[in-house]
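Enquirer: Got a file for you: start.cif, mmCIF, C-alpha atoms and all ligand atoms.
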data_query
loop_
_atom_site.label_atom_id
_atom_site.label_comp_id
_atom_site.auth_asym_id
_atom_site.auth_seq_id
_atom_site.Cartn_x
_atom_site.Cartn_y
_atom_site.Cartn_z
CA MET M 128 -7.77 29.58 -37.91
CA LYS M 129 -6.88 30.17 -41.56
CA ARG M 130 -9.64 29.96 -44.15
CA ILE M 131 -8.48 28.23 -47.32
CA LEU M 132 -10.25 27.91 -50.68
CA ILE M 133 -9.09 25.29 -53.19
CA LEU M 134 -10.15 25.98 -56.77
CA GLY M 135 -10.48 22.54 -58.36
CA GLY M 136 -11.08 20.97 -54.94
CA SER M 137 -12.82 18.00 -56.59
CA GLY M 138 -9.84 17.13 -58.81
CA PHE M 139 -7.02 14.67 -58.20
CA ILE M 140 -4.55 17.21 -56.79
CA GLY M 141 -7.09 19.68 -55.38
CA ASN M 142 -8.93 16.98 -53.47
CA ALA M 143 -5.68 15.50 -52.12
CA ILE M 144 -4.81 18.99 -50.82
CA TYR M 145 -8.32 19.35 -49.35
CA ARG M 146 -7.98 16.05 -47.46
CA GLU M 147 -4.54 17.03 -46.16
CA LEU M 148 -5.65 20.47 -44.88
CA ASN M 149 -9.24 19.86 -43.88
CA SER M 150 -8.63 18.90 -40.25
CA PHE M 151 -6.21 21.78 -39.60
CA PHE M 152 -7.87 24.72 -41.39
CA ASP M 153 -11.33 25.93 -42.33
CA THR M 154 -11.05 24.50 -45.83
CA TYR M 155 -13.35 25.02 -48.82
CA GLY M 156 -13.24 23.73 -52.37
CA THR M 157 -14.89 24.17 -55.74
CA TYR M 158 -16.17 21.46 -58.06
CA TYR M 159 -17.40 21.60 -61.63
CA SER M 160 -18.73 18.31 -63.03
CA ALA M 161 -18.32 16.08 -59.96
CA LYS M 162 -21.83 16.97 -58.70
CA LYS M 163 -22.66 13.57 -57.23
CA SER M 164 -19.76 13.63 -54.79
CA PHE M 165 -19.87 17.30 -53.78
CA GLU M 166 -23.27 18.98 -54.19
CA GLY M 167 -24.40 17.96 -50.68
CA ASN M 168 -21.12 19.09 -49.08
CA LYS M 169 -21.41 22.56 -47.56
CA GLN M 170 -17.64 23.13 -47.77
CA PHE M 171 -17.88 22.86 -51.57
CA TYR M 172 -19.16 25.41 -54.11
CA ARG M 173 -20.04 24.74 -57.73
CA TYR M 174 -17.82 26.82 -60.00
CA ASP M 175 -17.58 26.88 -63.80
CA VAL M 176 -14.53 28.85 -64.89
CA GLU M 177 -16.28 29.74 -68.18
CA GLU M 178 -19.58 30.93 -66.70
CA ASP M 179 -19.16 32.03 -63.09
CA ASP M 180 -17.47 35.02 -61.49
CA ILE M 181 -14.94 33.75 -58.98
CA VAL M 182 -15.25 37.00 -57.01
CA GLU M 183 -18.77 36.01 -55.87
CA ILE M 184 -17.37 32.89 -54.23
CA LEU M 185 -14.45 34.85 -52.75
CA GLU M 186 -16.85 37.34 -51.19
CA LYS M 187 -18.82 34.54 -49.56
CA ILE M 188 -15.87 32.59 -48.20
CA LYS M 189 -13.39 35.44 -47.60
CA PRO M 190 -10.39 33.10 -47.76
CA ASP M 191 -6.96 33.98 -46.33
CA LEU M 192 -5.37 31.67 -48.89
CA ILE M 193 -6.54 30.51 -52.32
CA ILE M 194 -4.95 27.44 -53.90
CA SER M 195 -5.50 27.22 -57.66
CA ALA M 196 -5.57 23.60 -58.94
CA LEU M 197 -7.93 24.07 -61.87
CA ARG M 198 -8.24 22.70 -65.34
CA GLY M 199 -10.63 24.03 -67.99
CA ASN M 200 -10.74 26.37 -70.96
CA PHE M 201 -7.41 28.21 -71.18
CA GLN M 202 -8.78 31.67 -71.98
CA ALA M 203 -11.27 31.37 -69.13
CA GLN M 204 -8.49 30.31 -66.74
CA ILE M 205 -6.52 33.43 -67.67
CA MET M 206 -9.53 35.68 -67.04
CA ALA M 207 -10.27 33.98 -63.72
CA HIS M 208 -6.69 34.46 -62.54
CA GLN M 209 -6.79 38.13 -63.55
CA HIS M 210 -9.82 38.53 -61.29
CA LEU M 211 -8.14 36.53 -58.52
CA VAL M 212 -5.01 38.67 -58.64
CA ALA M 213 -7.01 41.92 -58.54
CA HIS M 214 -8.94 40.65 -55.49
CA ILE M 215 -5.86 39.38 -53.68
CA VAL M 216 -3.88 42.59 -54.11
CA ALA M 217 -6.72 44.51 -52.46
CA LYS M 218 -7.44 42.04 -49.63
CA PRO M 219 -5.49 40.28 -46.87
CA CYS M 220 -5.20 37.16 -48.97
CA LYS M 221 -2.56 35.05 -50.76
CA LEU M 222 -2.54 32.86 -53.87
CA PHE M 223 -0.77 29.51 -54.34
CA PHE M 224 -0.74 28.47 -57.99
CA ILE M 225 -0.14 24.85 -59.05
CA SER M 226 2.12 25.26 -62.05
CA SER M 227 3.98 22.65 -64.04
CA ALA M 228 7.39 21.52 -65.26
CA ASN M 229 6.03 22.35 -68.72
CA VAL M 230 6.88 26.04 -68.18
CA PHE M 231 10.38 24.89 -69.18
CA ASP M 232 9.46 22.47 -71.96
CA ALA M 233 11.35 24.45 -74.61
CA TYR M 234 14.63 23.72 -72.77
CA SER M 235 15.47 20.09 -73.29
CA LYS M 236 19.14 19.84 -72.42
CA TYR M 237 19.05 20.42 -68.65
CA PRO M 238 16.73 20.14 -65.69
CA SER M 239 15.36 23.51 -64.51
CA TYR M 240 15.67 25.44 -61.24
CA GLU M 241 13.45 27.99 -59.52
CA ASN M 242 15.03 31.15 -60.93
CA ASP M 243 15.58 29.91 -64.48
CA LYS M 244 13.76 31.80 -67.19
CA THR M 245 10.61 30.04 -68.34
CA LEU M 246 10.09 29.12 -72.00
CA SER M 247 7.55 26.73 -73.47
CA GLU M 248 6.70 25.28 -76.86
CA SER M 249 3.34 23.89 -75.77
CA ILE M 250 0.05 25.74 -75.37
CA TYR M 251 -0.30 24.18 -71.91
CA GLY M 252 3.15 25.40 -70.87
CA ARG M 253 2.42 28.86 -72.25
CA LEU M 254 -0.83 29.06 -70.28
CA LYS M 255 1.07 28.25 -67.09
CA ILE M 256 3.73 30.88 -67.92
CA LYS M 257 1.06 33.52 -68.52
CA ILE M 258 -0.53 32.91 -65.14
CA GLU M 259 2.87 32.66 -63.40
CA ASN M 260 3.77 36.07 -64.84
CA MET M 261 0.60 37.59 -63.38
CA LEU M 262 1.65 36.28 -59.97
CA LEU M 263 5.22 37.51 -60.40
CA ARG M 264 3.88 41.06 -60.78
CA MET M 265 2.21 40.83 -57.35
CA PRO M 266 4.12 41.52 -54.11
CA LYS M 267 6.13 38.36 -53.37
CA SER M 268 4.54 38.10 -49.92
CA LYS M 269 1.16 37.43 -51.57
CA MET M 270 1.95 34.50 -53.81
CA ALA M 271 3.62 31.15 -54.31
CA ILE M 272 4.26 29.43 -57.62
CA LEU M 273 4.40 25.68 -57.04
CA ARG M 274 5.97 23.95 -60.05
CA VAL M 275 5.10 20.31 -60.08
CA PRO M 276 6.40 17.43 -62.24
CA MET M 277 4.20 14.44 -63.23
CA VAL M 278 2.16 13.43 -60.17
CA PHE M 279 1.72 9.71 -59.49
CA GLY M 280 0.24 7.84 -56.51
CA ASN M 281 -2.02 4.80 -56.23
CA SER M 282 -5.18 6.79 -56.89
CA SER M 283 -3.72 9.06 -59.57
CA PRO M 284 -5.25 9.13 -63.06
CA ARG M 285 -1.81 8.24 -64.47
CA ILE M 286 -1.54 5.04 -62.39
CA LYS M 287 -5.20 4.15 -62.93
CA GLU M 288 -4.65 4.36 -66.68
CA ILE M 289 -1.62 2.08 -66.51
CA ARG M 290 -3.58 -0.43 -64.41
CA ASN M 291 -6.52 -0.40 -66.85
CA ASN M 292 -4.24 -0.79 -69.86
CA LEU M 293 -2.52 -3.76 -68.23
CA ILE M 294 -5.83 -5.45 -67.53
CA GLN M 295 -7.15 -4.74 -71.03
CA LYS M 296 -3.79 -5.67 -72.62
CA VAL M 297 -3.44 -2.25 -74.25
CA PRO M 298 0.23 -1.35 -75.09
CA LEU M 299 1.79 1.10 -72.62
CA GLU M 300 3.31 4.30 -73.99
CA VAL M 301 6.78 5.12 -72.73
CA PHE M 302 9.17 7.91 -73.72
CA PRO M 303 12.63 6.30 -73.72
CA ASN M 304 14.63 9.50 -74.06
CA LEU M 305 12.60 11.60 -71.65
CA ILE M 306 14.29 12.24 -68.28
CA ILE M 307 11.95 13.46 -65.55
CA ASN M 308 11.59 13.99 -61.88
CA ILE M 309 8.36 12.88 -60.21
CA THR M 310 6.14 13.21 -57.17
CA ASN M 311 2.98 11.71 -55.73
CA ASP M 312 -0.13 13.12 -54.07
CA ASP M 313 1.08 12.35 -50.52
CA ARG M 314 4.48 14.03 -50.87
CA LEU M 315 3.05 17.02 -52.71
CA THR M 316 0.31 17.71 -50.17
CA GLN M 317 2.71 17.38 -47.21
CA GLN M 318 5.02 19.91 -48.84
CA ILE M 319 2.15 22.32 -49.50
CA HIS M 320 0.97 21.94 -45.88
CA TYR M 321 4.48 22.86 -44.71
CA LEU M 322 4.60 25.96 -46.94
CA ILE M 323 1.28 27.11 -45.48
CA ASN M 324 2.34 26.48 -41.86
CA ARG M 325 5.57 28.39 -42.36
CA ASN M 326 3.94 31.25 -44.27
CA ARG M 327 6.32 30.64 -47.13
CA THR M 328 5.93 32.48 -50.44
CA GLY M 329 7.92 32.60 -53.69
CA ILE M 330 8.78 29.93 -56.25
CA TYR M 331 9.07 26.25 -55.28
CA HIS M 332 9.99 23.15 -57.27
CA LEU M 333 8.06 20.33 -55.64
CA GLY M 334 9.45 17.09 -57.05
CA SER M 335 11.98 14.37 -56.32
CA GLY M 336 15.56 15.57 -55.90
CA ASP M 337 16.83 13.10 -58.50
CA LEU M 338 15.93 12.13 -62.06
CA ILE M 339 14.77 8.99 -63.84
CA HIS M 340 14.10 7.93 -67.42
CA HIS M 341 10.35 7.82 -68.05
CA GLU M 342 10.61 4.31 -69.48
CA ASP M 343 12.53 2.96 -66.45
CA PHE M 344 10.04 4.49 -64.06
CA ILE M 345 7.00 3.05 -65.83
CA LYS M 346 8.64 -0.40 -65.99
CA GLU M 347 9.43 -0.29 -62.25
CA ILE M 348 5.83 0.62 -61.49
CA VAL M 349 4.46 -2.12 -63.74
CA GLY M 350 6.78 -4.58 -62.00
CA ARG M 351 5.03 -3.76 -58.72
CA MET M 352 1.55 -4.17 -60.12
CA GLY M 353 1.75 -7.95 -60.50
CA ASN M 354 2.80 -10.50 -63.05
CA PHE M 355 2.14 -8.50 -66.20
CA HIS M 356 4.09 -8.62 -69.45
CA PRO M 357 2.80 -5.65 -71.43
CA VAL M 358 3.80 -4.54 -74.88
CA TYR M 359 5.57 -1.18 -74.64
CA LYS M 360 5.00 1.41 -77.33
CA ARG M 361 8.30 3.31 -77.29
CA VAL M 362 7.64 6.90 -78.41
CA PHE M 363 10.69 8.91 -79.49
CA THR M 364 10.00 12.64 -79.70
CA THR M 365 13.65 13.62 -80.25
CA ASN M 366 16.88 11.79 -81.06
CA GLU M 367 18.67 12.95 -77.93
CA ASP M 368 17.80 12.71 -74.25
CA ARG M 369 15.29 15.38 -73.26
CA TYR M 370 14.78 16.73 -69.73
CA LEU M 371 11.42 17.68 -68.27
CA ALA M 372 12.36 18.18 -64.66
CA VAL M 373 11.98 20.86 -61.98
CA LEU M 374 14.67 20.51 -59.32
CA PRO M 375 14.87 22.55 -56.11
CA LYS M 376 17.98 24.65 -55.46
CA ALA M 377 17.21 28.22 -54.35
CA ASN M 378 14.24 27.29 -52.14
CA PRO M 379 14.82 23.77 -50.80
CA LEU M 380 12.43 22.25 -48.28
CA PRO M 381 13.68 20.66 -45.05
CA LYS M 382 15.26 17.19 -45.27
CA ASN M 383 12.22 15.33 -43.94
CA LEU M 384 10.14 16.66 -46.85
CA GLN M 385 12.72 15.82 -49.51
CA PHE M 386 12.47 12.52 -51.39
CA ASN M 387 13.83 10.66 -54.37
CA CYS M 388 12.35 8.65 -57.24
CA GLN M 389 12.83 5.36 -55.40
CA ASP M 390 10.63 6.64 -52.55
CA ILE M 391 7.85 7.28 -55.07
CA ILE M 392 8.32 3.83 -56.67
CA ASP M 393 8.34 2.09 -53.27
CA HIS M 394 5.11 3.81 -52.37
CA HIS M 395 3.27 1.93 -55.11
CA ILE M 396 2.20 -1.23 -53.36
CA PHE M 397 -0.70 -2.86 -55.13
CA THR M 398 -3.05 -5.38 -53.73
CA GLU M 399 -5.30 -6.48 -56.57
N1 LIG Y 1 -1.68 15.71 -62.53
C1 LIG Y 1 -0.45 16.08 -62.82
O1 LIG Y 1 0.43 15.23 -63.07
C2 LIG Y 1 -0.07 17.55 -62.81
C3 LIG Y 1 1.28 17.92 -62.94
C4 LIG Y 1 1.62 19.28 -62.92
C5 LIG Y 1 0.64 20.26 -62.75
N2 LIG Y 1 -0.67 19.87 -62.65
C6 LIG Y 1 -1.69 20.94 -62.49
O2 LIG Y 1 -2.45 20.71 -61.33
C7 LIG Y 1 -3.79 21.22 -61.51
C8 LIG Y 1 -4.80 20.13 -61.15
O3 LIG Y 1 -4.57 18.99 -61.98
P1 LIG Y 1 -5.26 17.58 -61.71
O4 LIG Y 1 -4.37 16.56 -62.32
O5 LIG Y 1 -5.67 17.47 -60.27
O6 LIG Y 1 -6.55 17.72 -62.66
P2 LIG Y 1 -8.04 17.12 -62.49
O7 LIG Y 1 -8.03 15.89 -61.64
O8 LIG Y 1 -8.59 17.01 -63.87
O9 LIG Y 1 -8.83 18.27 -61.70
C9 LIG Y 1 -9.17 19.47 -62.34
C10 LIG Y 1 -10.08 20.28 -61.45
O10 LIG Y 1 -10.57 21.39 -62.22
C11 LIG Y 1 -11.99 21.37 -62.23
N3 LIG Y 1 -12.50 21.85 -63.52
C12 LIG Y 1 -12.44 21.26 -64.74
N4 LIG Y 1 -13.07 22.00 -65.66
C13 LIG Y 1 -13.57 23.08 -65.00
C14 LIG Y 1 -14.37 24.20 -65.40
N5 LIG Y 1 -14.78 24.38 -66.68
N6 LIG Y 1 -14.70 25.12 -64.46
C15 LIG Y 1 -14.30 24.97 -63.17
N7 LIG Y 1 -13.56 23.93 -62.73
C16 LIG Y 1 -13.20 22.99 -63.64
C17 LIG Y 1 -12.38 19.91 -62.00
O11 LIG Y 1 -13.71 19.83 -61.50
P3 LIG Y 1 -14.63 18.49 -61.69
O12 LIG Y 1 -13.69 17.31 -61.49
O13 LIG Y 1 -15.67 18.61 -60.63
O14 LIG Y 1 -15.16 18.54 -63.08
C18 LIG Y 1 -11.32 19.51 -60.98
O15 LIG Y 1 -11.69 19.97 -59.70
C19 LIG Y 1 -3.88 21.66 -62.98
O16 LIG Y 1 -3.73 23.06 -63.02
C20 LIG Y 1 -2.68 20.99 -63.64
O17 LIG Y 1 -2.19 21.76 -64.70
C21 LIG Y 1 -1.06 18.55 -62.67
#
In structure tokens, write the structure found in this file.
Expert:
Amino acid sequence: MKRILILGGSGFIGNAIYRELNSFFDTYGTYYSAKKSFEGNKQFYRYDVEEDDIVEILEKIKPDLIISALRGNFQAQIMAHQHLVAHIVAKPCKLFFISSANVFDAYSKYPSYENDKTLSESIYGRLKIKIENMLLRMPKSKMAILRVPMVFGNSSPRIKEIRNNLIQKVPLEVFPNLIINITNDDRLTQQIHYLINRNRTGIYHLGSGDLIHHEDFIKEIVGRMGNFHPVYKRVFTTNEDRYLAVLPKANPLPKNLQFNCQDIIDHHIFTE
């Protein structure tokens, strides 16, 4: 049985991955501030990316696969991934890195595909590129770069924020000229489970196969949350349409794991 360690196992995405894999693999996770929920759980280790040496945890768990779903100080994340890469190259171990559509945020005119050159104008996108480049220098058989668009889902921080704003009558921010693709926690974790089962490595774009305007998507979701009539704060960052989308082309997943934006919208059924 494979031993899997999820860095950021207490987070929204990391914990969704943990719950998906837990009954099939010997699965471990790290937490940082979420002590109450995890300190009594022997599958979970406390890890502070700024203070702790990840290698100590790796030597205890000896994972076959590490999934990195961390947030935290950017410089510390870079250091931690340097240590991870050095360990993985020397051991029978692989690394899956949760990256982001933001690695392409300097290109606004088209959606992006797996083999496109990355370029970012944001410090977040540049952090992701830096870590991706470390992985790209490893043997391909040892790593997967999983580029993910905005992740929704009933329990996602993004949906929770919308729900709270509706209840508190806070205006909702929408980006009318931003065109995105999307995913949710269920789709994402099923896709990652498949990649693990099939021993797949390389670069994957894990989002819907089609695109939607951010504003239309948010309005559809709000429509499903009940009889709300929010004020929308329409934020224009550019005059023209801007794409922030990672579409699959070179490394598509099988049909049953593909989905479109409507599937993600339909998944949001709220019972308040
Ligand atoms: N959510 C999205 O829409 C989205 C889209 C694309 C890519 N991503 C990427 O997916 C990854 C996970 O994102 P998420 O949305 O699941 O974030 P999240 O819910 O905030 O989870 C972040 C995880 O990192 C841990 N963490 C935070 N500070 C830390 C520190 N100083 N030391 C060690 N661990 C620390 C958190 O632990 P505690 O909770 O215990 O403090 C948690 O487990 C990130 O790399 C993000 O860039 C997310």
Enquirer: Residues of chain M that approach ligand LIG 1 (chain Y) to 6 Å or less, counting all atoms listed in the file: could you list each one with the shortest pair of atoms and its distance in Å to one decimal, rows by chain and increasing residue number, as a tab-separated table?
Expert:
residue	atom	partner	partner_atom	distance
M:Gly135	CA	Y:LIG1	O15	3.1
M:Gly136	CA	Y:LIG1	O15	4.9
M:Ser137	CA	Y:LIG1	O15	3.9
M:Gly138	CA	Y:LIG1	O9	3.3
M:Phe139	CA	Y:LIG1	O5	3.7
M:Ile140	CA	Y:LIG1	O5	3.7
M:Gly141	CA	Y:LIG1	O5	5.6
M:Tyr158	CA	Y:LIG1	O13	3.9
M:Tyr159	CA	Y:LIG1	O13	3.6
M:Ser160	CA	Y:LIG1	O14	3.6
M:Ala161	CA	Y:LIG1	O13	3.7
M:Tyr174	CA	Y:LIG1	C15	5.1
M:Asp175	CA	Y:LIG1	N6	3.4
M:Val176	CA	Y:LIG1	N6	3.8
M:Glu177	CA	Y:LIG1	N5	5.8
M:Ala196	CA	Y:LIG1	C7	3.9
M:Leu197	CA	Y:LIG1	O10	3.8
M:Arg198	CA	Y:LIG1	O10	4.1
M:Gly199	CA	Y:LIG1	N4	3.9
M:Ile225	CA	Y:LIG1	O2	5.3
M:Ser226	CA	Y:LIG1	C5	5.3
M:Ser227	CA	Y:LIG1	C4	4.3
M:Val275	CA	Y:LIG1	C4	4.6
M:Pro276	CA	Y:LIG1	C4	5.2
M:Met277	CA	Y:LIG1	O1	3.9
M:Val278	CA	Y:LIG1	O1	3.8
Enquirer: Go ahead and save the picked residues with C-alpha atoms, as a short mmCIF file (atom, residue, chain, number, x, y, z; two decimals), in the coordinates of the input.
Expert:
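part.cif, written as the output of this step:
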data_model
loop_
_atom_site.label_atom_id
_atom_site.label_comp_id
_atom_site.auth_asym_id
_atom_site.auth_seq_id
_atom_site.Cartn_x
_atom_site.Cartn_y
_atom_site.Cartn_z
CA GLY M 135 -10.48 22.54 -58.36
CA GLY M 136 -11.08 20.97 -54.94
CA SER M 137 -12.82 18.00 -56.59
CA GLY M 138 -9.84 17.13 -58.81
CA PHE M 139 -7.02 14.67 -58.20
CA ILE M 140 -4.55 17.21 -56.79
CA GLY M 141 -7.09 19.68 -55.38
CA TYR M 158 -16.17 21.46 -58.06
CA TYR M 159 -17.40 21.60 -61.63
CA SER M 160 -18.73 18.31 -63.03
CA ALA M 161 -18.32 16.08 -59.96
CA TYR M 174 -17.82 26.82 -60.00
CA ASP M 175 -17.58 26.88 -63.80
CA VAL M 176 -14.53 28.85 -64.89
CA GLU M 177 -16.28 29.74 -68.18
CA ALA M 196 -5.57 23.60 -58.94
CA LEU M 197 -7.93 24.07 -61.87
CA ARG M 198 -8.24 22.70 -65.34
CA GLY M 199 -10.63 24.03 -67.99
CA ILE M 225 -0.14 24.85 -59.05
CA SER M 226 2.12 25.26 -62.05
CA SER M 227 3.98 22.65 -64.04
CA VAL M 275 5.10 20.31 -60.08
CA PRO M 276 6.40 17.43 -62.24
CA MET M 277 4.20 14.44 -63.23
CA VAL M 278 2.16 13.43 -60.17
#
Enquirer: Grab the atom CA of M:Gln295 to atom CA of M:His356 distance for me, in Å with one decimal place.
Expert: 12.0 Å
Enquirer: Can you work out which one of M:Ser282, M:Ala228, M:Leu222, M:His210 has the shortest atom-to-atom distance to M:Tyr240, counting all atoms listed in the file?
Expert: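 Looking at the shortest contact to M:Tyr240, the residue is M:Ala228.
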Enquirer: So what do you get for atom CA of M:Ile307 versus atom CA of M:Ala203, distance-wise?
Expert: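 One can read the atom CA of M:Ile307 to atom CA of M:Ala203 distance as 29.5 Å.
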Enquirer: So how far away is atom CA of M:Asp232 from atom CA of M:Phe344, in Å?
Expert: 19.6 Å
Enquirer: When you look at M:Lys382 with a cut-off of 12 Å (counting all atoms listed in the file), what residues show up, excluding the ones that are within fewer than 6 positions of it in the same chain? I need them as a compact mmCIF listing (two decimals) with C-alpha atoms, keeping the file's coordinate frame.
Expert:
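Once written, out_21.txt looks like this:
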# COMPACT_ATOMS: atom_id res chain seq x y z
CA GLN M 318 5.02 19.91 -48.84
CA SER M 335 11.98 14.37 -56.32
CA GLY M 336 15.56 15.57 -55.90
Enquirer: Using all atoms listed in the file, find the one residue out of M:Arg146, M:Arg274, M:Lys269, M:Arg325 that sits nearest to M:Val212.
Expert: M:Lys269
Enquirer: So which residues touch M:Glu288 within 12 Å, counting all atoms listed in the file, skipping near sequence neighbours fewer than 3 positions away, as a PyMOL selection string?
Expert: chain M and resi 279-285+291-300+345+349
Enquirer: Atoms to include: C-alpha atoms. Write the selected residues as a tab-separated table (two decimals), keeping the file's coordinate frame.
Expert:
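Below is the file out_37.tsv, written as the result:
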chain	number	residue	atom	x	y	z
M	279	PHE	CA	1.72	9.71	-59.49
M	280	GLY	CA	0.24	7.84	-56.51
M	281	ASN	CA	-2.02	4.80	-56.23
M	282	SER	CA	-5.18	6.79	-56.89
M	283	SER	CA	-3.72	9.06	-59.57
M	284	PRO	CA	-5.25	9.13	-63.06
M	285	ARG	CA	-1.81	8.24	-64.47
M	291	ASN	CA	-6.52	-0.40	-66.85
M	292	ASN	CA	-4.24	-0.79	-69.86
M	293	LEU	CA	-2.52	-3.76	-68.23
M	294	ILE	CA	-5.83	-5.45	-67.53
M	295	GLN	CA	-7.15	-4.74	-71.03
M	296	LYS	CA	-3.79	-5.67	-72.62
M	297	VAL	CA	-3.44	-2.25	-74.25
M	298	PRO	CA	0.23	-1.35	-75.09
M	299	LEU	CA	1.79	1.10	-72.62
M	300	GLU	CA	3.31	4.30	-73.99
M	345	ILE	CA	7.00	3.05	-65.83
M	349	VAL	CA	4.46	-2.12	-63.74
Enquirer: What would the list of residues within 12 Å of (-8.7, 38.0, -64.2) (file frame) look like as a JSON list (two decimals) with C-alpha atoms, in the frame of the given file, if all atoms listed in the file are what count?
Expert:
[["chain", "number", "residue", "atom", "x", "y", "z"],
["M", 176, "VAL", "CA", -14.53, 28.85, -64.89],
["M", 177, "GLU", "CA", -16.28, 29.74, -68.18],
["M", 180, "ASP", "CA", -17.47, 35.02, -61.49],
["M", 181, "ILE", "CA", -14.94, 33.75, -58.98],
["M", 182, "VAL", "CA", -15.25, 37.00, -57.01],
["M", 202, "GLN", "CA", -8.78, 31.67, -71.98],
["M", 203, "ALA", "CA", -11.27, 31.37, -69.13],
["M", 204, "GLN", "CA", -8.49, 30.31, -66.74],
["M", 205, "ILE", "CA", -6.52, 33.43, -67.67],
["M", 206, "MET", "CA", -9.53, 35.68, -67.04],
["M", 207, "ALA", "CA", -10.27, 33.98, -63.72],
["M", 208, "HIS", "CA", -6.69, 34.46, -62.54],
["M", 209, "GLN", "CA", -6.79, 38.13, -63.55],
["M", 210, "HIS", "CA", -9.82, 38.53, -61.29],
["M", 211, "LEU", "CA", -8.14, 36.53, -58.52],
["M", 212, "VAL", "CA", -5.01, 38.67, -58.64],
["M", 213, "ALA", "CA", -7.01, 41.92, -58.54],
["M", 214, "HIS", "CA", -8.94, 40.65, -55.49],
["M", 215, "ILE", "CA", -5.86, 39.38, -53.68],
["M", 257, "LYS", "CA", 1.06, 33.52, -68.52],
["M", 258, "ILE", "CA", -0.53, 32.91, -65.14],
["M", 261, "MET", "CA", 0.60, 37.59, -63.38],
["M", 262, "LEU", "CA", 1.65, 36.28, -59.97]]
Enquirer: When you count all atoms listed in the file, which of these residues is closest to M:Pro219: M:Leu192, M:Cys388, M:Leu185, M:Met128?
Expert: M:Leu192
Enquirer: Using only C-alpha atoms, which of the listed residues (M:Tyr370, M:Tyr237, M:Phe151, M:Phe223) sits closest to M:Leu263?
Expert: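 Smallest separation from M:Leu263 among the options: M:Phe223.
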Enquirer: With all atoms listed in the file as the atoms that count, which of M:Gln385, M:Phe165, M:Tyr234, M:Asn229 lies nearest to M:Ser249?
Expert: M:Asn229
Enquirer: Can you work out which one of M:Ile306, M:Asp390, M:Arg173, M:Asn260 has the shortest atom-to-atom distance to M:Asp368, counting all atoms listed in the file?
Expert: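 Using all atoms listed in the file, the shortest distance to M:Asp368 belongs to M:Ile306.
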Enquirer: Residues within 10 Å of M:Asp343, please, as an MDAnalysis selection string. Count only C-alpha atoms; anything in the same chain fewer than 3 positions from it doesn't count.
Expert: chainID M and resid 301:303 306 339:340 346:349
Enquirer: Name all residues at most 10 Å from M:Leu148 (count all atoms listed in the file; drop same-chain ones fewer than 6 positions away) and give them as a list in words.
Expert: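 Using all atoms listed in the file, the neighbours found are Ile131, Asn142, Thr154, Tyr155, Thr316, Gln317, Ile319, His320 and Ile323 of chain M.
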Enquirer: Can you sort out stretch 246-254 of chain M so it carries N, CA, C and O atoms, written as an mmCIF file, in the frame of the given file?
Expert:
data_model
loop_
_atom_site.group_PDB
_atom_site.id
_atom_site.type_symbol
_atom_site.label_atom_id
_atom_site.label_comp_id
_atom_site.auth_asym_id
_atom_site.auth_seq_id
_atom_site.Cartn_x
_atom_site.Cartn_y
_atom_site.Cartn_z
ATOM 1 N N LEU M 246 10.306 29.088 -70.547
ATOM 2 C CA LEU M 246 10.090 29.120 -72.000
ATOM 3 C C LEU M 246 9.409 27.812 -72.395
ATOM 4 O O LEU M 246 9.869 26.737 -72.023
ATOM 5 N N SER M 247 8.300 27.943 -73.119
ATOM 6 C CA SER M 247 7.550 26.730 -73.470
ATOM 7 C C SER M 247 7.189 26.704 -74.938
ATOM 8 O O SER M 247 6.935 27.735 -75.546
ATOM 9 N N GLU M 248 7.130 25.483 -75.468
ATOM 10 C CA GLU M 248 6.700 25.280 -76.860
ATOM 11 C C GLU M 248 5.281 24.764 -76.925
ATOM 12 O O GLU M 248 4.740 24.571 -78.000
ATOM 13 N N SER M 249 4.685 24.489 -75.768
ATOM 14 C CA SER M 249 3.340 23.890 -75.770
ATOM 15 C C SER M 249 2.306 24.930 -75.340
ATOM 16 O O SER M 249 2.633 25.862 -74.589
ATOM 17 N N ILE M 250 1.065 24.758 -75.785
ATOM 18 C CA ILE M 250 0.050 25.740 -75.370
ATOM 19 C C ILE M 250 -0.234 25.607 -73.883
ATOM 20 O O ILE M 250 -0.495 26.591 -73.200
ATOM 21 N N TYR M 251 -0.113 24.397 -73.356
ATOM 22 C CA TYR M 251 -0.300 24.180 -71.910
ATOM 23 C C TYR M 251 0.793 24.898 -71.114
ATOM 24 O O TYR M 251 0.508 25.621 -70.151
ATOM 25 N N GLY M 252 2.046 24.737 -71.556
ATOM 26 C CA GLY M 252 3.150 25.400 -70.870
ATOM 27 C C GLY M 252 3.027 26.918 -70.948
ATOM 28 O O GLY M 252 3.296 27.634 -69.981
ATOM 29 N N ARG M 253 2.558 27.403 -72.091
ATOM 30 C CA ARG M 253 2.420 28.860 -72.250
ATOM 31 C C ARG M 253 1.309 29.419 -71.386
ATOM 32 O O ARG M 253 1.401 30.537 -70.879
ATOM 33 N N LEU M 254 0.247 28.638 -71.203
ATOM 34 C CA LEU M 254 -0.830 29.060 -70.280
ATOM 35 C C LEU M 254 -0.268 29.219 -68.871
ATOM 36 O O LEU M 254 -0.499 30.231 -68.194
#
